[in-house]
$ cat query-v2.csv   # CSV, C-alpha atoms
chain,number,residue,atom,x,y,z
H,1,MET,CA,-19.2,9.7,24.5
H,2,ALA,CA,-19.7,12.6,22.2
H,3,SER,CA,-17.9,13.1,18.9
H,4,SER,CA,-15.9,16.3,19.2
H,5,ALA,CA,-13.3,18.4,17.3
H,6,ARG,CA,-10.2,19.5,19.1
H,7,SER,CA,-10.5,22.4,21.6
H,8,GLN,CA,-10.1,25.9,20.2
H,9,GLU,CA,-7.2,26.3,22.6
H,10,SER,CA,-5.3,23.3,21.1
H,11,SER,CA,-1.9,24.0,19.6
H,12,LEU,CA,-2.8,21.5,16.8
H,13,PRO,CA,-5.9,21.9,14.7
H,14,SER,CA,-7.6,18.6,14.1
H,15,GLY,CA,-8.6,18.5,10.5
H,16,TRP,CA,-11.4,16.1,11.5
H,17,ALA,CA,-13.7,15.2,14.4
H,18,PHE,CA,-12.0,13.1,17.1
H,19,HIS,CA,-13.8,10.5,19.3
H,20,ARG,CA,-12.9,9.3,22.7
H,21,ILE,CA,-12.3,5.6,22.9
H,22,PRO,CA,-15.3,3.9,24.5
H,23,CYS,CA,-14.9,2.8,28.1
H,24,THR,CA,-17.0,0.4,30.1
H,25,SER,CA,-20.4,2.0,30.7
H,26,VAL,CA,-24.1,1.4,30.1
H,27,ASP,CA,-23.8,3.3,26.9
H,28,ILE,CA,-20.9,1.4,25.3
H,29,ILE,CA,-23.0,-0.4,22.7
H,30,ASP,CA,-24.4,2.9,21.5
H,31,GLU,CA,-21.0,4.4,21.4
H,32,LEU,CA,-19.5,1.5,19.4
H,33,SER,CA,-22.5,1.6,17.0
H,34,MET,CA,-21.9,5.3,16.4
H,35,LEU,CA,-18.2,4.7,15.7
H,36,ARG,CA,-19.2,1.9,13.3
H,37,GLY,CA,-21.6,4.1,11.5
H,38,ALA,CA,-19.0,6.9,11.0
H,39,PHE,CA,-16.4,4.3,9.9
H,40,ASP,CA,-18.7,2.7,7.3
H,41,GLU,CA,-19.7,6.1,5.9
H,42,ASP,CA,-16.3,7.9,5.8
H,43,GLY,CA,-13.9,4.9,5.6
H,44,PHE,CA,-12.0,6.1,8.7
H,45,ILE,CA,-12.3,7.4,12.3
H,46,CYS,CA,-10.0,9.3,14.7
H,47,LEU,CA,-9.7,8.4,18.3
H,48,SER,CA,-8.0,10.5,20.9
H,49,SER,CA,-5.6,9.4,23.6
H,50,VAL,CA,-5.5,5.6,22.9
H,51,PHE,CA,-2.0,5.3,24.5
H,52,ASP,CA,-0.6,7.5,27.3
H,53,THR,CA,2.6,9.5,27.2
H,54,VAL,CA,4.7,6.9,29.1
H,55,THR,CA,3.7,4.2,26.6
H,56,VAL,CA,4.3,6.4,23.6
H,57,ASN,CA,7.7,7.3,24.8
H,58,ARG,CA,8.6,3.7,25.3
H,59,LEU,CA,7.4,2.8,21.8
H,60,ARG,CA,9.2,5.7,20.2
H,61,GLU,CA,12.5,4.9,21.8
H,62,ALA,CA,12.3,1.3,20.7
H,63,ALA,CA,11.3,2.3,17.2
H,64,THR,CA,14.3,4.6,16.9
H,65,THR,CA,16.6,1.8,18.2
H,66,ASN,CA,15.1,-0.8,15.8
H,67,PHE,CA,15.3,1.6,12.8
H,68,ASP,CA,19.1,2.1,13.3
H,69,GLU,CA,19.7,-1.5,14.0
H,70,CYS,CA,17.8,-2.7,10.9
H,71,PHE,CA,20.0,-0.6,8.6
H,72,ARG,CA,23.1,-1.8,10.3
H,73,ARG,CA,22.0,-5.4,9.7
H,74,LEU,CA,21.2,-4.6,6.1
H,75,HIS,CA,24.7,-3.4,5.7
H,76,GLU,CA,26.3,-6.2,7.6
H,77,CYS,CA,24.5,-8.7,5.4
H,78,GLY,CA,25.7,-7.0,2.2
H,79,HIS,CA,22.4,-5.6,1.1
H,80,THR,CA,23.3,-1.9,1.3
H,81,ASN,CA,26.3,0.3,0.6
H,82,PHE,CA,26.3,2.1,4.0
H,83,PRO,CA,24.9,1.3,7.5
H,84,GLN,CA,22.3,4.1,7.8
H,85,TYR,CA,19.1,4.8,5.9
H,86,CYS,CA,20.7,7.6,3.8
H,87,GLN,CA,23.7,9.7,3.1
H,88,GLU,CA,24.2,13.0,1.5
H,89,GLN,CA,25.5,12.9,-2.1
H,90,ASP,CA,26.1,16.3,-3.8
H,91,GLY,CA,23.5,17.9,-1.5
H,92,ARG,CA,20.9,15.3,-2.1
H,93,HIS,CA,19.7,12.2,-0.2
H,94,GLU,CA,21.1,8.9,-1.3
H,95,TYR,CA,18.9,6.2,0.3
H,96,ALA,CA,20.2,2.8,1.2
H,97,LEU,CA,17.2,1.1,-0.3
H,98,LYS,CA,15.3,1.6,-3.5
H,99,VAL,CA,11.6,2.2,-3.6
H,100,GLY,CA,9.1,-0.7,-3.7
H,101,ILE,CA,8.4,-4.2,-2.5
H,102,LYS,CA,10.8,-5.8,-5.0
H,103,ALA,CA,13.7,-3.8,-3.6
H,104,GLY,CA,12.7,-4.3,0.0
H,105,PHE,CA,12.7,-7.1,2.6
H,106,ARG,CA,10.2,-8.7,4.9
H,107,GLU,CA,11.6,-6.6,7.7
H,108,ILE,CA,11.6,-3.2,5.9
H,109,VAL,CA,10.4,-1.6,2.6
H,110,MET,CA,10.9,2.0,1.4
H,111,ARG,CA,7.4,2.9,0.2
H,112,SER,CA,8.4,6.2,-1.4
H,113,PRO,CA,11.7,8.2,-1.2
H,114,GLY,CA,12.5,8.6,2.5
H,115,ARG,CA,9.4,6.9,3.8
H,116,PHE,CA,10.0,3.4,5.3
H,117,GLU,CA,7.7,0.7,6.7
H,118,MET,CA,9.5,-1.5,9.1
H,119,PRO,CA,8.1,-4.7,10.8
H,120,TYR,CA,11.6,-5.4,12.1
H,121,GLY,CA,11.5,-5.7,15.8
H,122,CYS,CA,7.7,-5.3,16.1
H,123,ASN,CA,7.2,-9.0,17.1
H,124,LYS,CA,9.1,-8.2,20.3
H,125,SER,CA,8.7,-6.0,23.4
H,126,PRO,CA,7.4,-3.4,23.7
H,127,PHE,CA,5.4,-3.6,20.5
H,128,ALA,CA,4.2,-7.2,21.2
H,129,ASP,CA,3.3,-6.4,24.9
H,130,ASP,CA,-0.2,-7.2,25.9
H,131,ASP,CA,-1.0,-3.6,26.7
H,132,ILE,CA,-0.3,-2.8,23.1
H,133,VAL,CA,-1.6,-5.7,20.9
H,134,ARG,CA,-4.3,-6.9,23.3
H,135,ASN,CA,-5.4,-3.5,24.6
H,136,LYS,CA,-8.9,-4.2,25.8
H,137,ASP,CA,-10.4,-0.8,25.0
H,138,LEU,CA,-8.9,-0.7,21.5
H,139,LEU,CA,-10.0,-4.2,20.8
H,140,GLN,CA,-13.6,-3.3,21.6
H,141,VAL,CA,-13.4,-0.9,18.7
H,142,VAL,CA,-11.7,-3.4,16.5
H,143,CYS,CA,-14.5,-5.9,17.2
H,144,ALA,CA,-17.2,-3.4,16.4
H,145,LEU,CA,-15.6,-2.3,13.1
H,146,LEU,CA,-15.0,-5.8,11.8
H,147,SER,CA,-18.2,-7.3,13.0
H,148,ASP,CA,-20.5,-8.9,10.4
H,149,ASP,CA,-23.5,-7.8,12.4
H,150,LYS,CA,-24.3,-4.1,12.5
H,151,ASN,CA,-26.2,-4.7,15.6
H,152,ILE,CA,-23.1,-4.2,17.7
H,153,ARG,CA,-22.9,-6.3,20.9
H,154,HIS,CA,-20.5,-6.1,23.8
H,155,GLN,CA,-17.9,-8.4,22.4
H,156,ASP,CA,-15.1,-10.5,24.1
H,157,SER,CA,-11.7,-9.1,23.3
H,158,ALA,CA,-10.6,-12.7,22.7
H,159,ASP,CA,-13.0,-12.9,19.7
H,160,ASP,CA,-11.4,-15.1,17.1
H,161,SER,CA,-13.3,-13.6,14.2
H,162,PHE,CA,-10.4,-11.2,13.6
H,163,TYR,CA,-6.6,-11.1,14.2
H,164,LEU,CA,-3.6,-8.8,14.1
H,165,CYS,CA,-2.1,-9.5,10.7
H,166,ASN,CA,0.8,-7.0,10.8
H,167,ALA,CA,2.6,-4.6,13.1
H,168,SER,CA,5.2,-2.2,11.8
H,169,ILE,CA,6.6,1.3,12.2
H,170,VAL,CA,6.2,3.8,9.3
H,171,THR,CA,8.9,6.5,9.5
H,172,ALA,CA,8.8,9.5,7.2
H,173,THR,CA,12.3,10.9,7.4
H,174,PRO,CA,13.2,14.6,6.9
H,175,GLY,CA,12.8,15.5,3.2
H,176,SER,CA,10.5,12.7,2.3
H,177,ALA,CA,8.1,13.8,-0.4
H,178,ASN,CA,4.3,13.5,-0.8
H,179,GLN,CA,3.2,9.9,-1.6
H,180,GLY,CA,0.9,9.2,-4.5
H,181,TRP,CA,-2.7,8.5,-3.7
H,182,HIS,CA,-3.3,4.8,-3.1
H,183,ALA,CA,-5.3,2.2,-1.3
H,184,ASP,CA,-3.5,-0.5,0.8
H,185,GLY,CA,-5.6,-3.3,-0.5
H,186,GLY,CA,-8.4,-4.3,-2.8
H,187,HIS,CA,-12.0,-5.3,-2.5
H,188,ILE,CA,-13.2,-8.9,-1.7
H,189,ASN,CA,-16.2,-8.4,-4.0
H,190,LEU,CA,-15.7,-6.3,-7.2
H,191,GLN,CA,-19.4,-6.4,-8.0
H,192,SER,CA,-20.8,-4.6,-4.9
H,193,HIS,CA,-19.6,-2.8,-1.8
H,194,GLU,CA,-19.1,-5.0,1.3
H,195,PRO,CA,-18.2,-4.1,4.9
H,196,CYS,CA,-14.6,-3.7,5.8
H,197,HIS,CA,-12.5,-6.8,6.0
H,198,CYS,CA,-9.2,-5.2,6.9
H,199,PHE,CA,-8.0,-1.9,8.3
H,200,ASN,CA,-5.0,0.0,9.7
H,201,VAL,CA,-4.6,1.6,13.1
H,202,PHE,CA,-2.1,4.4,12.8
H,203,ILE,CA,-0.8,5.6,16.2
H,204,PRO,CA,1.8,8.5,15.8
H,205,LEU,CA,4.6,8.4,18.3
H,206,VAL,CA,5.1,12.2,18.0
H,207,ASP,CA,2.6,15.1,17.6
H,208,VAL,CA,1.9,15.3,13.9
H,209,SER,CA,2.1,18.9,12.6
H,210,LEU,CA,1.7,20.0,9.0
H,211,PRO,CA,5.5,20.2,8.4
H,212,LEU,CA,5.9,16.6,9.6
H,213,GLY,CA,3.5,15.4,7.0
H,214,PRO,CA,0.1,14.0,8.2
H,215,THR,CA,-1.8,11.3,6.5
H,216,GLU,CA,-4.3,12.7,4.0
H,217,LEU,CA,-7.5,10.8,3.2
H,218,ARG,CA,-10.4,11.1,0.8
H,219,PRO,CA,-13.6,10.4,2.9
H,220,GLY,CA,-15.9,7.9,1.4
H,221,SER,CA,-13.4,6.7,-1.2
H,222,HIS,CA,-13.5,3.1,0.1
H,223,LYS,CA,-16.8,2.8,-1.7
H,224,ILE,CA,-15.3,3.6,-5.2
H,225,THR,CA,-11.9,2.0,-5.3
H,226,ARG,CA,-13.2,-1.4,-6.6
H,227,ASN,CA,-13.5,0.3,-10.0
H,228,LEU,CA,-11.8,3.6,-9.3
H,229,ALA,CA,-11.6,5.5,-12.6
H,230,PRO,CA,-15.2,5.3,-13.7
H,231,MET,CA,-16.6,5.4,-10.2
H,232,MET,CA,-14.6,8.5,-9.4
H,233,LEU,CA,-15.8,10.2,-12.6
H,234,ALA,CA,-19.4,9.3,-11.7
H,235,ALA,CA,-19.0,10.7,-8.2
H,236,LYS,CA,-17.6,13.9,-9.6
H,237,ALA,CA,-20.5,14.2,-12.0
H,238,ARG,CA,-23.0,13.6,-9.2
H,239,GLY,CA,-21.2,16.1,-6.9
H,240,THR,CA,-20.7,13.4,-4.3
H,241,LEU,CA,-16.9,13.2,-4.5
H,242,ARG,CA,-15.7,14.5,-1.1
H,243,LYS,CA,-12.7,16.7,-0.6
H,244,PRO,CA,-9.5,15.3,1.0
H,245,VAL,CA,-8.8,15.9,4.7
H,246,MET,CA,-5.7,15.7,6.9
H,247,PRO,CA,-6.4,14.9,10.5
H,248,LEU,CA,-3.6,16.2,12.8
H,249,LEU,CA,-3.0,13.6,15.5
H,250,ARG,CA,-1.2,14.0,18.8
H,251,ALA,CA,1.2,11.3,20.0
H,252,GLY,CA,-1.0,8.4,21.2
H,253,ASP,CA,-4.1,9.2,19.2
H,254,ALA,CA,-5.3,6.8,16.5
H,255,LEU,CA,-6.3,7.0,12.9
H,256,ILE,CA,-8.2,3.9,11.9
H,257,PHE,CA,-8.9,3.5,8.2
H,258,ASP,CA,-10.3,0.9,5.8
H,259,TYR,CA,-7.6,-0.8,3.7
H,260,ARG,CA,-9.6,0.3,0.6
H,261,VAL,CA,-9.8,4.1,1.3
H,262,LEU,CA,-7.6,6.4,-0.8
H,263,HIS,CA,-4.9,8.0,1.3
H,264,ARG,CA,-1.3,9.3,1.1
H,265,GLY,CA,1.4,10.4,3.5
H,266,ARG,CA,2.2,14.1,3.0
H,267,ALA,CA,5.8,15.4,2.8
H,268,ASN,CA,8.0,15.8,5.8
H,269,ILE,CA,9.5,19.2,5.1
H,270,THR,CA,11.4,19.5,8.4
H,271,LYS,CA,15.2,19.3,8.4
H,272,GLU,CA,15.8,17.1,11.4
H,273,SER,CA,12.6,15.5,12.7
H,274,ASP,CA,11.3,12.0,11.9
H,275,ARG,CA,7.6,11.2,11.9
H,276,PRO,CA,7.3,7.6,13.3
H,277,ILE,CA,3.9,5.9,13.4
H,278,LEU,CA,3.0,2.6,14.9
H,279,VAL,CA,0.8,0.6,12.5
H,280,MET,CA,-1.3,-2.3,13.6
H,281,THR,CA,-3.3,-4.0,10.8
H,282,PHE,CA,-6.4,-6.0,11.9
H,283,ALA,CA,-8.3,-8.3,9.5
H,284,LYS,CA,-11.2,-10.7,9.6
H,285,SER,CA,-10.0,-14.3,10.1
H,286,GLY,CA,-9.2,-16.0,6.8
H,287,PHE,CA,-7.9,-12.9,5.1
H,288,LYS,CA,-4.2,-12.8,4.3
H,289,ASP,CA,-2.3,-9.7,3.1
H,290,ARG,CA,0.1,-11.0,0.5
H,291,LEU,CA,0.6,-7.7,-1.3
H,292,ASN,CA,2.4,-5.3,1.0
H,293,PHE,CA,5.6,-7.1,2.0
H,294,PRO,CA,8.0,-9.4,0.1
H,295,SER,CA,8.9,-12.9,1.4
H,296,LYS,CA,12.6,-12.2,1.1
H,297,SER,CA,14.4,-11.6,4.5
H,298,ILE,CA,17.5,-9.7,5.4
H,299,ASP,CA,19.0,-13.0,6.5
H,300,ASP,CA,18.5,-14.6,3.0
H,301,ARG,CA,21.7,-14.8,1.1

$ encode --input "query-v2.csv" --output "structure tokens"
Amino acid sequence: MASSARSQESSLPSGWAFHRIPCTSVDIIDELSMLRGAFDEDGFICLSSVFDTVTVNRLREAATTNFDECFRRLHECGHTNFPQYCQEQDGRHEYALKVGIKAGFREIVMRSPGRFEMPYGCNKSPFADDDIVRNKDLLQVVCALLSDDKNIRHQDSADDSFYLCNASIVTATPGSANQGWHADGGHINLQSHEPCHCFNVFIPLVDVSLPLGPTELRPGSHKITRNLAPMMLAAKARGTLRKPVMPLLRAGDALIFDYRVLHRGRANITKESDRPILVMTFAKSGFKDRLNFPSKSIDDR
């Protein structure tokens, strides 16, 4: 399996090297080790064609249905003033929810204006189907990236050393602005850098063009976010601070990134197109993410 950028004839430039997901072969250990090395160095990797077109279409249709249903439920339960995610007010978007965890629910949070993360419905089919959450090829990569042993072995996809700790849909709606730079979680050890304990798998359900707003990342930044300000200044002074990149993924590709890496969603400047992404968060057993969603539910009164 060779690391390769997108073909010159591609309608979408990549912005980063893409790898093919390893398949069963005599070289799979070497392939997984190469992916682990790239992930440890950069804080993220890109995989091409993780899910096929039929699967992506099924997920996208369900995501759209769940998004609309979630906002109807919010309205029916008295949490919002109207039954859709936004309405036009004097030529501007008025969103049903306010930004942030405190204003959100276990089922949905608006991360920034017009950008929603929605676990609602992701515990059911098709998102909870075995070919999604127990996808053998993808779990081989998950095992390799979260392994405590850098001498990667062919691991059983039923390995209990990691688990799926969250599944959600992130939808950047038309007009959503650039997010601020952030990391999704902190470091386990603030004194020294340790291997990844948690990461996101982003799988876009549409081809991501520049107008739709790709995810922008700063390579290697997972190594400095445990003490960001002074470590970033030191990296600048040494000339080791790397420039941000924006991988442009096709529907069904995957961006896998360390919870600690600096990233942001770019603006969706289109007028009518959503940018839905399936997010699967995997973590080492024993780690609990208590920061990214509130405990309050839509059903709470």

$ closest_residue --input "query-v2.csv" --among "H:Lys136, H:His222, H:Arg20, H:Lys124" --to "Leu59 (chain H)" --atoms "only C-alpha atoms"
H:Lys124

$ closest_residue --input "query-v2.csv" --among "H:Ala167, H:Ile256, H:Leu138, H:Leu210" --to "Arg106 (chain H)" --atoms "all atoms listed in the file"
H:Ala167

$ closest_residue --input "query-v2.csv" --among "H:Glu76, H:Asp52, H:Glu41, H:Glu216" --to "Trp16 (chain H)" --atoms "all atoms listed in the file"
H:Glu216

$ closest_residue --input "query-v2.csv" --among "H:Cys122, H:Val109, H:Ala251, H:Val245" --to "Gly220 (chain H)" --atoms "only C-alpha atoms"
H:Val245

$ atom_distance --input "query-v2.csv" --atom1 "CA of Asp207 (chain H)" --atom2 "CA of Asp253 (chain H)"
9.1 Å

$ closest_residue --input "query-v2.csv" --among "H:Ala177, H:Cys70, H:Val206, H:Ile169" --to "His93 (chain H)" --atoms "only C-alpha atoms"
H:Ala177

$ atom_distance --input "query-v2.csv" --atom1 "CA of Ala144 (chain H)" --atom2 "CA of Leu164 (chain H)"
14.8 Å

$ atom_distance --input "query-v2.csv" --atom1 "CA of Phe257 (chain H)" --atom2 "CA of Pro126 (chain H)"
23.5 Å

$ build_atoms --input "query-v2.csv" --residues "region 40-51 of chain H" --atoms "all heavy atoms" --output "mmCIF file, in the coordinates of the input"
data_model
loop_
_atom_site.group_PDB
_atom_site.id
_atom_site.type_symbol
_atom_site.label_atom_id
_atom_site.label_comp_id
_atom_site.auth_asym_id
_atom_site.auth_seq_id
_atom_site.Cartn_x
_atom_site.Cartn_y
_atom_site.Cartn_z
ATOM 1 N N ASP H 40 -18.127 3.237 8.583
ATOM 2 C CA ASP H 40 -18.700 2.700 7.300
ATOM 3 C C ASP H 40 -18.985 3.848 6.347
ATOM 4 O O ASP H 40 -18.830 3.651 5.133
ATOM 5 C CB ASP H 40 -20.044 2.004 7.656
ATOM 6 C CG ASP H 40 -19.841 0.652 8.326
ATOM 7 O OD1 ASP H 40 -18.689 0.171 8.360
ATOM 8 O OD2 ASP H 40 -20.835 0.079 8.809
ATOM 9 N N GLU H 41 -19.366 5.014 6.838
ATOM 10 C CA GLU H 41 -19.700 6.100 5.900
ATOM 11 C C GLU H 41 -18.432 6.790 5.379
ATOM 12 O O GLU H 41 -18.336 7.042 4.177
ATOM 13 C CB GLU H 41 -20.520 7.173 6.703
ATOM 14 C CG GLU H 41 -20.865 8.415 5.900
ATOM 15 C CD GLU H 41 -21.761 8.133 4.706
ATOM 16 O OE1 GLU H 41 -22.464 7.098 4.705
ATOM 17 O OE2 GLU H 41 -21.750 8.936 3.745
ATOM 18 N N ASP H 42 -17.457 7.073 6.236
ATOM 19 C CA ASP H 42 -16.300 7.900 5.800
ATOM 20 C C ASP H 42 -15.088 7.013 5.423
ATOM 21 O O ASP H 42 -14.209 7.488 4.712
ATOM 22 C CB ASP H 42 -15.857 8.781 6.975
ATOM 23 C CG ASP H 42 -16.938 9.786 7.350
ATOM 24 O OD1 ASP H 42 -17.684 10.219 6.448
ATOM 25 O OD2 ASP H 42 -17.044 10.126 8.541
ATOM 26 N N GLY H 43 -15.019 5.770 5.914
ATOM 27 C CA GLY H 43 -13.900 4.900 5.600
ATOM 28 C C GLY H 43 -12.771 5.073 6.681
ATOM 29 O O GLY H 43 -11.744 4.388 6.596
ATOM 30 N N PHE H 44 -12.972 5.923 7.668
ATOM 31 C CA PHE H 44 -12.000 6.100 8.700
ATOM 32 C C PHE H 44 -12.610 6.817 9.916
ATOM 33 O O PHE H 44 -13.645 7.476 9.788
ATOM 34 C CB PHE H 44 -10.746 6.853 8.250
ATOM 35 C CG PHE H 44 -11.017 8.279 7.856
ATOM 36 C CD1 PHE H 44 -10.823 9.320 8.753
ATOM 37 C CD2 PHE H 44 -11.466 8.596 6.586
ATOM 38 C CE1 PHE H 44 -11.066 10.634 8.406
ATOM 39 C CE2 PHE H 44 -11.712 9.906 6.211
ATOM 40 C CZ PHE H 44 -11.515 10.925 7.126
ATOM 41 N N ILE H 45 -11.973 6.684 11.070
ATOM 42 C CA ILE H 45 -12.300 7.400 12.300
ATOM 43 C C ILE H 45 -11.039 7.835 12.979
ATOM 44 O O ILE H 45 -9.992 7.227 12.778
ATOM 45 C CB ILE H 45 -13.227 6.643 13.239
ATOM 46 C CG1 ILE H 45 -12.573 5.304 13.618
ATOM 47 C CG2 ILE H 45 -14.617 6.444 12.656
ATOM 48 C CD1 ILE H 45 -13.320 4.543 14.716
ATOM 49 N N CYS H 46 -11.125 8.845 13.835
ATOM 50 C CA CYS H 46 -10.000 9.300 14.700
ATOM 51 C C CYS H 46 -10.383 9.112 16.137
ATOM 52 O O CYS H 46 -11.484 9.501 16.548
ATOM 53 C CB CYS H 46 -9.643 10.731 14.403
ATOM 54 S SG CYS H 46 -9.055 11.064 12.735
ATOM 55 N N LEU H 47 -9.480 8.530 16.902
ATOM 56 C CA LEU H 47 -9.700 8.400 18.300
ATOM 57 C C LEU H 47 -8.607 9.131 19.086
ATOM 58 O O LEU H 47 -7.429 9.113 18.700
ATOM 59 C CB LEU H 47 -9.584 6.880 18.726
ATOM 60 C CG LEU H 47 -10.562 5.905 18.067
ATOM 61 C CD1 LEU H 47 -10.244 4.475 18.506
ATOM 62 C CD2 LEU H 47 -11.994 6.256 18.403
ATOM 63 N N SER H 48 -8.978 9.775 20.157
ATOM 64 C CA SER H 48 -8.000 10.500 20.900
ATOM 65 C C SER H 48 -7.482 9.716 22.117
ATOM 66 O O SER H 48 -8.215 8.907 22.701
ATOM 67 C CB SER H 48 -8.630 11.843 21.458
ATOM 68 O OG SER H 48 -9.727 11.578 22.301
ATOM 69 N N SER H 49 -6.202 9.899 22.410
ATOM 70 C CA SER H 49 -5.600 9.400 23.600
ATOM 71 C C SER H 49 -5.744 7.872 23.816
ATOM 72 O O SER H 49 -6.181 7.400 24.869
ATOM 73 C CB SER H 49 -6.111 10.115 24.858
ATOM 74 O OG SER H 49 -5.938 11.501 24.722
ATOM 75 N N VAL H 50 -5.384 7.093 22.794
ATOM 76 C CA VAL H 50 -5.500 5.600 22.900
ATOM 77 C C VAL H 50 -4.337 5.119 23.803
ATOM 78 O O VAL H 50 -4.553 4.236 24.625
ATOM 79 C CB VAL H 50 -5.367 4.997 21.499
ATOM 80 C CG1 VAL H 50 -5.274 3.481 21.580
ATOM 81 C CG2 VAL H 50 -6.576 5.404 20.660
ATOM 82 N N PHE H 51 -3.118 5.672 23.641
ATOM 83 C CA PHE H 51 -2.000 5.300 24.500
ATOM 84 C C PHE H 51 -1.514 6.548 25.254
ATOM 85 O O PHE H 51 -1.503 7.657 24.696
ATOM 86 C CB PHE H 51 -0.836 4.739 23.684
ATOM 87 C CG PHE H 51 -1.120 3.394 23.053
ATOM 88 C CD1 PHE H 51 -0.506 3.031 21.875
ATOM 89 C CD2 PHE H 51 -1.986 2.489 23.644
ATOM 90 C CE1 PHE H 51 -0.748 1.802 21.283
ATOM 91 C CE2 PHE H 51 -2.248 1.261 23.068
ATOM 92 C CZ PHE H 51 -1.632 0.910 21.879
#
